[in-house]
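In what follows, a single structure is set out as structure tokens and then discussed.
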Amino acid sequence: MLRKLSLGLILAACSTASYAVTDYPDGYTKCAQNTGAFCSFSGTRQVALGKSGSFVYGTFTNGVTCSSSNFGGAYSGVTSAWCSYAPTTTGSSSSSSSSSSSSSSSSSSSSSSSSSSSSSSSSTTSTSSGITGSSCRGGSTTTVNSTIRVEDGGTFDGGCRTYTAGSALGDGSQSESQSPIFRVGPGLVRNVYIGSNGADGIHSRNGGDVDNIYWSNVGEDAMTLKDPTDGGSVSSNNISGFDGEDKFFQANDNGSWSTNNCIVNNMAKFIRQNGGTTFPLNVTANNCQMSNLKEGVFRSDSPNSTARLTNSRLHNAGSICIGTWKSCTSSGITNY
């Protein structure tokens, strides 16, 4: 009996020790991995990013993209790290210092005191700027084997379900022969989560708009502007996109393209006007967060095109303007 009791005490102690070294502080709720997934919560809360009992902290409002770029670059490339949020709201909605604890035994205490103590830990600053991107997080999956066409002023509402391309549309590579999951215009596609195979994303023709779209894995392009009527206008609002090999948006024809409230991470460029073309393109992006762009934000070869980036946050985003432009400007930019 004594041996069994001793063994039980040893196992209990081991269990307590293993609980102390977790991927989230004591009392926090795990919400997303460090892959650009979205950590969803309401109100203003302290959020931890880390693993194995070591964390950095930031304060955010109504959720945050779980990406190292939002925590000062900590755990960059470590997809096994997790975001987790505190159980109660805080009184601040703008910024907070974040502290890192390297001791597993102090992980729970650091979660409760990190906002007031930073004497022995490294610190960075994370801000909540009201940039939320898409609110879609995916639902039941529909495999699309034939492009969904939304035309004649119609609206397609995906209800934030997941739409992923079947092999008939493409494999999500950089092949130019792939077809889009959606072709819209004139009309609107909204509340859609693009799944693991993005193929050639969404084609906009003749004024096709998108709203609240989440690209979990960009294929050849997330969205392409094609054949607008008389240089018509196109909007893409409340969008998020991750993990593209080249450009996020592609403009193959003239027009005005506006984007508002976007989160884009791990691309080569935010938007590219078709190489070697000189048609007039007018591009604006506002209230966006762009990170890990291998080349930069805007790229064009046209002396007739304009671009403007406003009220946005950049991290490791290269040059704002690349190539030839009639005008390419920015204002209200924060580098973090």
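Residue numbering restarts at 1 for every chain of the structure tokens, chains are lettered A, B, ... in their displayed order, and ligands are numbered from 1 as they appear.
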Identify, on the basis of only C-alpha atoms, every residue whose closest approach to region 206-215 of chain A does not exceed 9 Å; exclude the query and any residue fewer than 2 positions from it along the same chain; express the result as a ChimeraX atom specification. /A:133-138,150-151,153,160,183-196,198,201-204,217-219,222,225-243
List the neighbours of Ser140 (chain A) out to 9 Å using only C-alpha atoms; skip same-chain residues closer than 3 positions along the sequence, and give me the result as number ranges by chain. A: 160-163
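All residues of region 217-260 of chain A that DSSP, run on the backbone, classes as strand (DSSP E) are A:Met223, A:Thr224, A:Leu225, A:Lys226, A:Ser233, A:Val234, A:Ser235, A:Ser236, A:Asn237, A:Asn238, A:Ile239, A:Ser240, A:Gly241, A:Phe242, A:Lys247, A:Phe248, A:Phe249, A:Gln250, A:Ala251, A:Gly255, A:Ser256, A:Trp257, A:Ser258, A:Thr259, A:Asn260.
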Need the shell around Ser69 (chain A): protein/DNA/RNA residues with any atom at most 8 Å away, counting only C-alpha atoms. Skip same-chain ones fewer than 4 positions apart. Format as a compact mmCIF listing (two decimals) with C-alpha atoms, in the first residue's frame?
# COMPACT_ATOMS: atom_id res chain seq x y z
CA GLY A 73 9.13 39.16 -34.13
CA ALA A 74 9.25 36.72 -31.22
CA SER A 76 9.40 33.92 -35.89
CA SER A 291 4.14 41.71 -43.08
CA HIS A 315 6.67 44.78 -40.78
CA TYR A 336 6.56 47.63 -36.14
Select from region 125-240 of chain A every residue with an atom at most 7 Å from any atom of region 246-249 of chain A, then for each give the shortest pair of atoms and their distance in Å to one decimal, using only C-alpha atoms, rows by chain and rising number, as CSV.
residue,atom,partner,partner_atom,distance
A:Asp221,CA,A:Phe248,CA,5.5
A:Ala222,CA,A:Phe248,CA,5.4
A:Met223,CA,A:Phe249,CA,5.1
A:Thr224,CA,A:Phe249,CA,5.9
Writing out the chosen residues with N, CA and C atoms as a short mmCIF file (atom, residue, chain, number, x, y, z; two decimals), in the first residue's frame:
data_model
loop_
_atom_site.label_atom_id
_atom_site.label_comp_id
_atom_site.auth_asym_id
_atom_site.auth_seq_id
_atom_site.Cartn_x
_atom_site.Cartn_y
_atom_site.Cartn_z
N ASP A 221 -2.77 33.48 -57.55
CA ASP A 221 -3.05 34.82 -57.03
C ASP A 221 -4.29 34.71 -56.16
N ALA A 222 -4.42 35.63 -55.22
CA ALA A 222 -5.64 35.66 -54.42
C ALA A 222 -6.80 36.23 -55.23
N MET A 223 -6.52 37.32 -55.95
CA MET A 223 -7.57 37.97 -56.72
C MET A 223 -6.93 38.65 -57.93
N THR A 224 -7.61 38.59 -59.06
CA THR A 224 -7.10 39.17 -60.29
C THR A 224 -8.15 40.09 -60.90
#
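Between Tyr28 (chain A) and the candidates A:Pro87, A:Gly53, A:Ile271, A:Ser67, the tightest atom-to-atom separation, counting only C-alpha atoms, involves A:Pro87.
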I want to know what sits within 9 Å of Gly77 (chain A), based on only C-alpha atoms, with residues of the same chain fewer than 6 positions away left out; could you give that as a PyMOL selection string? chain A and resi 34-35+68
For the residues in that selection, give me N, CA, C and O atoms as a short mmCIF file (atom, residue, chain, number, x, y, z; two decimals), in the first residue's frame.
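What landed in part_21.cif:
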data_model
loop_
_atom_site.label_atom_id
_atom_site.label_comp_id
_atom_site.auth_asym_id
_atom_site.auth_seq_id
_atom_site.Cartn_x
_atom_site.Cartn_y
_atom_site.Cartn_z
N ASN A 34 0.78 29.87 -34.22
CA ASN A 34 1.57 30.95 -34.81
C ASN A 34 1.76 30.70 -36.31
O ASN A 34 2.86 30.55 -36.81
N THR A 35 0.64 30.67 -37.02
CA THR A 35 0.66 30.40 -38.46
C THR A 35 -0.11 31.47 -39.25
O THR A 35 -0.39 31.29 -40.42
N SER A 68 4.01 36.06 -35.37
CA SER A 68 5.15 36.61 -34.63
C SER A 68 5.32 38.10 -34.88
O SER A 68 5.81 38.83 -34.02
#
Could you produce a table of the residues of region 293-316 of chain A lying within 6 Å of region 275-286 of chain A, with the nearest pair of atoms per residue and their separation in Å rounded to one decimal, using only C-alpha atoms, ordered by chain and increasing residue number, as JSON lines?
{"residue": "A:Asp301", "atom": "CA", "partner": "A:Gly276", "partner_atom": "CA", "distance": 5.7}
{"residue": "A:Ser302", "atom": "CA", "partner": "A:Thr278", "partner_atom": "CA", "distance": 4.1}
{"residue": "A:Asn304", "atom": "CA", "partner": "A:Pro280", "partner_atom": "CA", "distance": 4.8}
{"residue": "A:Ser305", "atom": "CA", "partner": "A:Leu281", "partner_atom": "CA", "distance": 4.6}
{"residue": "A:Thr306", "atom": "CA", "partner": "A:Asn282", "partner_atom": "CA", "distance": 4.9}
{"residue": "A:Ala307", "atom": "CA", "partner": "A:Val283", "partner_atom": "CA", "distance": 4.6}
{"residue": "A:Arg308", "atom": "CA", "partner": "A:Thr284", "partner_atom": "CA", "distance": 4.9}
{"residue": "A:Leu309", "atom": "CA", "partner": "A:Ala285", "partner_atom": "CA", "distance": 4.9}
{"residue": "A:Thr310", "atom": "CA", "partner": "A:Asn286", "partner_atom": "CA", "distance": 4.8}
{"residue": "A:Asn311", "atom": "CA", "partner": "A:Asn286", "partner_atom": "CA", "distance": 5.8}
